[in-house]
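Peer 1: Dropping in my_file-v8.cif, with mmCIF, C-alpha atoms and all ligand atoms.
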```
data_final
loop_
_atom_site.label_atom_id
_atom_site.label_comp_id
_atom_site.auth_asym_id
_atom_site.auth_seq_id
_atom_site.Cartn_x
_atom_site.Cartn_y
_atom_site.Cartn_z
CA MET A 71 37.52 -70.72 3.31
CA CYS A 72 34.07 -71.36 1.92
CA VAL A 73 33.57 -75.07 1.21
CA ASP A 74 30.41 -74.62 -0.88
CA HIS A 75 32.08 -72.15 -3.20
CA ASP A 76 32.33 -73.20 -6.82
CA TRP A 77 36.05 -72.73 -7.46
CA PRO A 78 37.18 -71.94 -10.99
CA GLN A 79 39.31 -74.29 -13.12
CA LYS A 80 37.63 -77.30 -11.48
CA GLY A 81 39.41 -80.62 -11.28
CA ARG A 82 42.86 -79.30 -12.14
CA GLU A 83 45.87 -78.30 -10.12
CA ARG A 84 45.99 -74.52 -10.15
CA MET A 85 49.58 -73.33 -10.00
CA ILE A 86 50.69 -69.93 -8.67
CA VAL A 87 53.59 -67.94 -10.08
CA PRO A 88 54.42 -65.19 -7.53
CA ALA A 89 54.40 -61.58 -8.72
CA PRO A 90 57.86 -60.56 -9.99
CA VAL A 91 57.96 -57.53 -7.71
CA GLY A 92 57.71 -59.80 -4.66
CA VAL A 93 60.53 -62.14 -5.58
CA ARG A 94 62.99 -60.24 -7.78
CA GLY A 95 66.30 -59.94 -5.97
CA THR A 96 65.22 -61.94 -2.91
CA GLY A 97 67.11 -65.11 -3.77
CA ARG A 98 63.81 -67.03 -3.85
CA PRO A 99 63.79 -69.33 -6.83
CA ASP A 100 62.14 -68.24 -10.07
CA VAL A 101 59.49 -70.96 -10.41
CA GLU A 102 58.02 -69.75 -13.69
CA PRO A 103 60.03 -72.03 -16.03
CA GLU A 104 59.33 -75.08 -13.88
CA LEU A 105 55.59 -74.39 -13.64
CA LEU A 106 55.30 -73.61 -17.35
CA ALA A 107 56.86 -77.01 -18.02
CA LYS A 108 54.18 -78.70 -15.86
CA LEU A 109 51.23 -77.34 -17.86
CA ASP A 110 49.03 -80.15 -19.16
CA ALA A 111 45.39 -81.29 -18.97
CA ASP A 112 45.65 -81.53 -15.16
CA HIS A 113 47.77 -78.45 -14.46
CA VAL A 114 46.82 -74.85 -15.16
CA MET A 115 47.87 -71.42 -13.97
CA MET A 116 45.56 -70.03 -11.29
CA MET A 117 42.92 -67.56 -12.44
CA GLY A 118 40.14 -66.33 -10.18
CA ASP A 119 39.21 -67.09 -6.59
CA ASN A 120 41.88 -68.85 -4.57
CA PRO A 121 40.52 -71.27 -1.93
CA ALA A 122 43.37 -70.19 0.38
CA LEU A 123 41.78 -66.73 0.66
CA PRO A 124 38.36 -65.73 2.01
CA VAL A 125 35.77 -65.28 -0.72
CA MET A 126 35.07 -61.61 -1.44
CA PRO A 127 31.53 -60.35 -2.01
CA GLU A 128 30.53 -59.75 -5.62
CA ARG A 129 30.52 -55.99 -5.06
CA PRO A 130 33.15 -55.41 -2.41
CA GLY A 131 33.25 -52.28 -0.34
CA LEU A 132 36.23 -50.71 1.40
CA LEU A 133 35.78 -52.53 4.71
CA ASP A 134 35.62 -55.91 2.92
CA PHE A 135 39.27 -55.37 2.00
CA PHE A 136 40.09 -54.67 5.65
CA ARG A 137 38.32 -57.83 6.79
CA LEU A 138 39.11 -60.24 4.00
CA ARG A 139 42.34 -59.17 2.30
CA PHE A 140 44.67 -56.94 4.32
CA GLN A 141 47.49 -58.56 6.27
CA GLY A 142 46.90 -58.60 10.02
CA ILE A 143 49.61 -56.12 11.01
CA THR A 144 48.52 -53.53 8.43
CA ALA A 145 44.80 -53.84 9.17
CA ARG A 146 45.45 -53.41 12.89
CA HIS A 147 47.84 -50.52 12.30
CA LEU A 148 45.36 -48.61 10.11
CA LEU A 149 42.36 -49.16 12.39
CA THR A 150 44.33 -48.17 15.48
CA SER A 151 45.84 -45.11 13.84
CA ALA A 152 42.43 -43.87 12.65
CA GLY A 153 40.86 -44.73 16.01
CA ARG A 154 43.39 -42.59 17.89
CA ALA A 155 42.93 -39.68 15.47
CA LEU A 156 39.16 -39.93 15.99
CA ASP A 157 39.54 -40.08 19.79
CA ASP A 158 41.64 -36.92 19.63
CA GLY A 159 38.83 -35.12 17.80
CA HIS A 160 40.45 -34.63 14.41
CA ASP A 161 38.59 -33.74 11.24
CA GLU A 162 36.93 -36.73 9.58
CA LYS A 163 39.06 -36.27 6.47
CA VAL A 164 42.19 -36.68 8.60
CA VAL A 165 40.70 -39.76 10.26
CA LEU A 166 39.98 -41.22 6.82
CA ALA A 167 43.53 -40.44 5.64
CA CYS A 168 44.87 -42.26 8.73
CA LEU A 169 42.59 -45.21 7.98
CA LEU A 170 43.80 -45.43 4.39
CA HIS A 171 47.42 -44.29 4.54
CA ASP A 172 49.02 -47.75 4.23
CA ILE A 173 46.39 -49.72 2.30
CA SER A 174 48.92 -50.47 -0.42
CA ASN A 175 51.05 -52.42 2.10
CA GLY A 176 47.94 -54.33 3.14
CA CYS A 177 47.66 -56.46 0.04
CA LEU A 178 49.21 -54.81 -3.02
CA ILE A 179 52.76 -53.48 -2.88
CA ARG A 180 55.09 -52.07 -0.24
CA THR A 181 57.50 -50.11 -2.42
CA ASP A 182 56.42 -46.46 -2.71
CA HIS A 183 53.27 -47.36 -0.81
CA GLY A 184 52.22 -43.75 -0.24
CA TYR A 185 52.12 -43.05 -3.95
CA TRP A 186 50.32 -46.29 -4.79
CA GLY A 187 47.87 -45.82 -1.92
CA ALA A 188 47.01 -42.27 -2.99
CA GLN A 189 46.34 -43.44 -6.53
CA MET A 190 44.13 -46.32 -5.37
CA ILE A 191 41.81 -44.02 -3.44
CA ALA A 192 41.94 -40.87 -5.60
CA PRO A 193 38.64 -41.46 -7.48
CA TYR A 194 36.73 -42.02 -4.24
CA VAL A 195 37.94 -39.40 -1.77
CA ASP A 196 38.45 -35.67 -1.44
CA GLU A 197 41.66 -34.59 -3.15
CA GLU A 198 43.12 -33.56 0.20
CA VAL A 199 42.79 -37.10 1.59
CA ALA A 200 44.66 -38.65 -1.35
CA TRP A 201 47.25 -35.88 -1.08
CA ALA A 202 47.82 -36.60 2.62
CA VAL A 203 48.28 -40.30 1.88
CA ARG A 204 50.71 -39.62 -0.97
CA TYR A 205 52.95 -37.31 1.02
CA HIS A 206 52.95 -39.12 4.38
CA GLN A 207 55.56 -41.48 2.93
CA ALA A 208 58.09 -38.69 2.42
CA LEU A 209 57.15 -36.66 5.51
CA ARG A 210 57.82 -39.67 7.74
CA TYR A 211 61.58 -39.12 7.26
CA PHE A 212 61.56 -35.51 8.40
CA ALA A 213 61.05 -34.23 11.93
CA ASP A 214 58.81 -31.27 12.72
CA GLU A 215 59.50 -30.21 16.30
CA SER A 216 56.71 -27.60 16.14
CA VAL A 217 54.12 -30.40 16.27
CA GLY A 218 56.22 -32.88 18.25
CA TYR A 219 57.04 -35.17 15.32
CA ARG A 220 60.45 -36.83 15.57
CA TYR A 221 62.26 -39.15 13.18
CA PRO A 222 60.81 -42.59 13.97
CA GLU A 223 62.86 -44.84 16.19
CA SER A 224 61.36 -47.74 14.19
CA TYR A 225 63.03 -46.37 11.03
CA GLU A 226 66.42 -46.56 12.74
CA ARG A 227 65.72 -50.25 13.26
CA PHE A 228 64.19 -50.81 9.81
CA PHE A 229 66.83 -49.05 7.76
CA GLY A 230 69.85 -48.57 10.02
CA PRO A 231 70.80 -45.34 11.82
CA ASP A 232 72.73 -43.88 8.87
CA TYR A 233 70.02 -44.32 6.22
CA VAL A 234 69.47 -41.27 4.00
CA PRO A 235 66.25 -41.20 1.93
CA PRO A 236 66.67 -40.72 -1.82
CA GLU A 237 66.41 -37.44 -3.67
CA TYR A 238 62.76 -37.82 -4.75
CA ILE A 239 61.69 -38.36 -1.13
CA ARG A 240 63.60 -35.28 0.02
CA ARG A 241 62.14 -33.25 -2.84
CA ASP A 242 58.55 -34.38 -2.17
CA ALA A 243 58.87 -33.78 1.57
CA GLY A 244 60.03 -30.23 0.80
CA GLU A 245 57.07 -29.70 -1.53
CA ALA A 246 54.67 -31.04 1.08
CA ARG A 247 56.13 -28.81 3.80
CA ALA A 248 55.28 -25.72 1.73
CA HIS A 249 51.77 -26.87 0.77
CA ARG A 250 48.51 -25.60 2.28
CA TRP A 251 47.50 -29.19 3.12
CA TYR A 252 50.77 -29.91 4.90
CA MET A 253 49.17 -30.40 8.31
CA SER A 254 46.74 -33.08 7.05
CA SER A 255 49.63 -35.22 5.88
CA ARG A 256 51.70 -34.35 8.94
CA LEU A 257 48.84 -35.53 11.17
CA VAL A 258 48.89 -38.86 9.35
CA THR A 259 52.57 -39.21 10.30
CA LEU A 260 51.79 -38.26 13.91
CA TYR A 261 49.32 -41.15 14.16
CA ASP A 262 51.54 -43.44 12.11
CA ILE A 263 52.61 -45.47 15.10
CA TYR A 264 52.63 -49.22 15.55
CA PHE A 265 50.83 -50.00 18.77
CA PHE A 266 52.00 -53.41 19.85
CA ASP A 267 50.17 -53.35 23.14
CA ASP A 268 47.24 -55.45 24.30
CA THR A 269 44.62 -52.87 23.41
CA PRO A 270 42.37 -54.46 20.82
CA ALA A 271 42.22 -52.73 17.43
CA PRO A 272 38.92 -50.89 16.87
CA ASP A 273 36.17 -52.81 15.10
CA PRO A 274 36.21 -51.73 11.43
CA GLU A 275 32.50 -50.90 11.87
CA ARG A 276 33.56 -47.92 13.95
CA PHE A 277 34.44 -46.17 10.69
CA THR A 278 31.29 -47.05 8.71
CA ASP A 279 29.76 -43.58 9.07
CA ILE A 280 32.97 -41.70 8.24
CA ILE A 281 33.47 -43.90 5.19
CA GLY A 282 29.85 -43.30 4.21
CA ARG A 283 30.35 -39.55 4.35
CA HIS A 284 33.82 -39.32 2.78
CA PHE A 285 34.51 -42.37 0.62
CA ARG A 286 32.38 -42.70 -2.53
CA GLU A 287 31.88 -46.46 -2.66
CA PRO A 288 31.06 -47.40 -6.26
CA ALA A 289 27.73 -49.22 -6.70
CA GLU A 290 29.45 -51.91 -8.81
CA GLY A 291 31.96 -52.58 -6.00
CA LEU A 292 35.64 -51.63 -5.80
CA GLY A 293 37.37 -53.25 -8.74
CA PHE A 294 34.34 -53.28 -11.02
CA ASP A 295 33.42 -49.65 -11.58
CA GLY A 296 35.60 -49.09 -14.64
CA SER A 297 37.60 -46.38 -12.86
CA PRO A 298 41.26 -45.81 -13.79
CA VAL A 299 42.27 -47.67 -10.62
CA ALA A 300 39.77 -50.55 -10.68
CA HIS A 301 42.51 -52.99 -11.71
CA MET A 302 44.42 -52.26 -8.48
CA TRP A 303 41.45 -53.36 -6.37
CA ARG A 304 40.93 -56.41 -8.60
CA THR A 305 44.58 -57.32 -8.08
CA MET A 306 43.90 -57.43 -4.33
CA ILE A 307 40.80 -59.58 -4.88
CA TRP A 308 42.74 -62.02 -7.09
CA PRO A 309 46.40 -61.54 -6.11
CA ASN A 310 47.39 -64.90 -7.58
CA ASN A 311 46.09 -64.54 -11.12
CA PHE A 312 48.75 -65.55 -13.65
CA LEU A 313 47.79 -62.67 -15.93
FE FE B 401 53.18 -45.45 5.51
FE FE B 402 51.68 -46.38 8.64
#
```
What does this structure look like when you write it as structure tokens?
Peer 2:
Amino acid sequence: MCVDHDWPQKGRERMIVPAPVGVRGTGRPDVEPELLAKLDADHVMMMGDNPALPVMPERPGLLDFFRLRFQGITARHLLTSAGRALDDGHDEKVVLACLLHDISNGCLIRTDHGYWGAQMIAPYVDEEVAWAVRYHQALRYFADESVGYRYPESYERFFGPDYVPPEYIRRDAGEARAHRWYMSSRLVTLYDIYFFDDTPAPDPERFTDIIGRHFREPAEGLGFDGSPVAHMWRTMIWPNNFL
């Protein structure tokens, strides 16, 4: 937290209504009516920088989201996955897809994270990278013995041993299997492993050059370039905005 920062909505209590998608169906109370009733000269709904989060630069780049916004487990998972793909000598586009494959879980939304993630990066990366991110979600459920990919043991724990993915996942996995870029997405699933050992995650700086070559960082910063997905990046900068 930056103490010298000039926080918005000075002198008032800034209330946070959680995003509906994070609370619907969870049994957590719906606080919206209660907080709406509290609105007065001293109570407002939060808009803008939240002192509970690190301040983002005015023109944030991709790695700023890794350092300042993504949840610890996701940031570590992405950096480690990309680091292993790089160590194994894979194409830089595959390394980038590994680095970005779960960014949606990092700070935006978990549900259908492959589809969201692909959309978030589409304006800035080669089409094949966004494609690999989109389809890794579906391909994760389907083994491919020819490359040594087995159904994840973690999924048996996450979803139960008898879980069957829905029709759209089966359909998309089938489409991906027949596509010329199949192996790029399949490689993402091969490096999609949670490494809970003591090996430190790579420094995000390790990927600066690859990002420089394959991710078109907008000069205005992610969130401010007027692209069709800018609002998704702004939502990660200000996840607690009321509107
Ligand atoms: Fe994923
Ligand atoms: Fe993953």
Peer 1: Would you kindly return, as a list of chain:residue names, each protein, DNA or RNA residue with an atom no farther than 12 Å from any atom of Pro127 (chain A), considering all atoms listed in the file and excluding same-chain residues fewer than 2 positions away?
Peer 2: A:Cys72, A:His75, A:Asp119, A:Pro124, A:Val125, A:Arg129, A:Pro130, A:Gly131, A:Leu132, A:Leu133, A:Asp134, A:Phe135, A:Arg137, A:Leu138, A:Arg139, A:Glu290, A:Gly291, A:Leu292, A:Gly293, A:Phe294, A:Ile307
Peer 1: From the set A:Asn120, A:Thr305, A:Ser174, A:Thr96, which residue has the shortest atom-to-atom contact distance to ligand FE 401 (chain B), counting all atoms listed in the file?
Peer 2: A:Ser174
Peer 1: May I have the residues within 7 Å of ligand FE 402 (chain B), computed using all atoms listed in the file, as a ChimeraX atom specification?
Peer 2: /A:147-148,171-172,262-263
Peer 1: With C-alpha atoms retained, could you export that selection as a CSV table (one decimal), in the coordinates of the input?
Peer 2:
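Result file follows (out-v7.csv):
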```csv
chain,number,residue,atom,x,y,z
A,147,HIS,CA,47.8,-50.5,12.3
A,148,LEU,CA,45.4,-48.6,10.1
A,171,HIS,CA,47.4,-44.3,4.5
A,172,ASP,CA,49.0,-47.8,4.2
A,262,ASP,CA,51.5,-43.4,12.1
A,263,ILE,CA,52.6,-45.5,15.1
```
Peer 1: Rounded to one decimal, what separation in Å do you get between CA of Ile281 (chain A) and CA of Glu162 (chain A)?
Peer 2: 9.1 Å
Peer 1: Per residue of chain A within 12 Å of ligand FE 401 (chain B), which atom pair is closest and at what distance in Å (one decimal), using only C-alpha atoms and all ligand atoms, listed by chain and increasing number, as JSON lines?
Peer 2:
```
{"residue": "A:Thr144", "atom": "CA", "partner": "B:FE401", "partner_atom": "FE", "distance": 9.8}
{"residue": "A:His147", "atom": "CA", "partner": "B:FE401", "partner_atom": "FE", "distance": 10.0}
{"residue": "A:Leu148", "atom": "CA", "partner": "B:FE401", "partner_atom": "FE", "distance": 9.6}
{"residue": "A:Ser151", "atom": "CA", "partner": "B:FE401", "partner_atom": "FE", "distance": 11.1}
{"residue": "A:Ala167", "atom": "CA", "partner": "B:FE401", "partner_atom": "FE", "distance": 10.9}
{"residue": "A:Cys168", "atom": "CA", "partner": "B:FE401", "partner_atom": "FE", "distance": 9.5}
{"residue": "A:Leu169", "atom": "CA", "partner": "B:FE401", "partner_atom": "FE", "distance": 10.9}
{"residue": "A:Leu170", "atom": "CA", "partner": "B:FE401", "partner_atom": "FE", "distance": 9.4}
{"residue": "A:His171", "atom": "CA", "partner": "B:FE401", "partner_atom": "FE", "distance": 6.0}
{"residue": "A:Asp172", "atom": "CA", "partner": "B:FE401", "partner_atom": "FE", "distance": 4.9}
{"residue": "A:Ile173", "atom": "CA", "partner": "B:FE401", "partner_atom": "FE", "distance": 8.6}
{"residue": "A:Ser174", "atom": "CA", "partner": "B:FE401", "partner_atom": "FE", "distance": 8.9}
{"residue": "A:Asn175", "atom": "CA", "partner": "B:FE401", "partner_atom": "FE", "distance": 8.0}
{"residue": "A:Gly176", "atom": "CA", "partner": "B:FE401", "partner_atom": "FE", "distance": 10.6}
{"residue": "A:Ile179", "atom": "CA", "partner": "B:FE401", "partner_atom": "FE", "distance": 11.6}
{"residue": "A:Arg180", "atom": "CA", "partner": "B:FE401", "partner_atom": "FE", "distance": 9.0}
{"residue": "A:Thr181", "atom": "CA", "partner": "B:FE401", "partner_atom": "FE", "distance": 10.2}
{"residue": "A:Asp182", "atom": "CA", "partner": "B:FE401", "partner_atom": "FE", "distance": 8.9}
{"residue": "A:His183", "atom": "CA", "partner": "B:FE401", "partner_atom": "FE", "distance": 6.6}
{"residue": "A:Gly184", "atom": "CA", "partner": "B:FE401", "partner_atom": "FE", "distance": 6.1}
{"residue": "A:Tyr185", "atom": "CA", "partner": "B:FE401", "partner_atom": "FE", "distance": 9.8}
{"residue": "A:Trp186", "atom": "CA", "partner": "B:FE401", "partner_atom": "FE", "distance": 10.7}
{"residue": "A:Gly187", "atom": "CA", "partner": "B:FE401", "partner_atom": "FE", "distance": 9.1}
{"residue": "A:Ala188", "atom": "CA", "partner": "B:FE401", "partner_atom": "FE", "distance": 11.0}
{"residue": "A:Ala202", "atom": "CA", "partner": "B:FE401", "partner_atom": "FE", "distance": 10.7}
{"residue": "A:Val203", "atom": "CA", "partner": "B:FE401", "partner_atom": "FE", "distance": 8.0}
{"residue": "A:Arg204", "atom": "CA", "partner": "B:FE401", "partner_atom": "FE", "distance": 9.1}
{"residue": "A:Tyr205", "atom": "CA", "partner": "B:FE401", "partner_atom": "FE", "distance": 9.3}
{"residue": "A:His206", "atom": "CA", "partner": "B:FE401", "partner_atom": "FE", "distance": 6.4}
{"residue": "A:Gln207", "atom": "CA", "partner": "B:FE401", "partner_atom": "FE", "distance": 5.3}
{"residue": "A:Ala208", "atom": "CA", "partner": "B:FE401", "partner_atom": "FE", "distance": 8.9}
{"residue": "A:Leu209", "atom": "CA", "partner": "B:FE401", "partner_atom": "FE", "distance": 9.6}
{"residue": "A:Arg210", "atom": "CA", "partner": "B:FE401", "partner_atom": "FE", "distance": 7.7}
{"residue": "A:Tyr211", "atom": "CA", "partner": "B:FE401", "partner_atom": "FE", "distance": 10.7}
{"residue": "A:Pro222", "atom": "CA", "partner": "B:FE401", "partner_atom": "FE", "distance": 11.7}
{"residue": "A:Tyr225", "atom": "CA", "partner": "B:FE401", "partner_atom": "FE", "distance": 11.3}
{"residue": "A:Ser255", "atom": "CA", "partner": "B:FE401", "partner_atom": "FE", "distance": 10.8}
{"residue": "A:Arg256", "atom": "CA", "partner": "B:FE401", "partner_atom": "FE", "distance": 11.7}
{"residue": "A:Val258", "atom": "CA", "partner": "B:FE401", "partner_atom": "FE", "distance": 8.8}
{"residue": "A:Thr259", "atom": "CA", "partner": "B:FE401", "partner_atom": "FE", "distance": 7.9}
{"residue": "A:Leu260", "atom": "CA", "partner": "B:FE401", "partner_atom": "FE", "distance": 11.1}
{"residue": "A:Tyr261", "atom": "CA", "partner": "B:FE401", "partner_atom": "FE", "distance": 10.4}
{"residue": "A:Asp262", "atom": "CA", "partner": "B:FE401", "partner_atom": "FE", "distance": 7.1}
{"residue": "A:Ile263", "atom": "CA", "partner": "B:FE401", "partner_atom": "FE", "distance": 9.6}
{"residue": "A:Tyr264", "atom": "CA", "partner": "B:FE401", "partner_atom": "FE", "distance": 10.7}
```
Peer 1: Hey, can you check how far CA of Ala271 (chain A) sits from CA of Leu156 (chain A)?
Peer 2: 13.2 Å
Peer 1: Box time for region 175-185 of chain A: axis-aligned, enclosing all its listed atoms, 5 Å extra on each side; report centre and edge lengths in Å to one decimal, as lines of an AutoDock Vina configuration file.
Peer 2:
```
center_x = 52.6
center_y = -49.8
center_z = -0.4
size_x = 19.8
size_y = 23.4
size_z = 17.1
```
Peer 1: Considering all atoms listed in the file, can you say which of A:Asp100, A:Ala152, A:Leu109, A:Leu166 comes closest to Ala200 (chain A)?
Peer 2: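 Nearest to Ala200 (chain A): A:Leu166.
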Peer 1: Taking 2 positions as the minimum chain separation for residues in the same chain, which residues sit within 8 Å of Glu198 (chain A) when counting all atoms listed in the file? Answer as a list in words.
Peer 2: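 Neighbouring residues, sequence-local ones excluded: Lys163, Asp196, Ala200, Trp201, Ala202, Trp251 and Ser254 of chain A.
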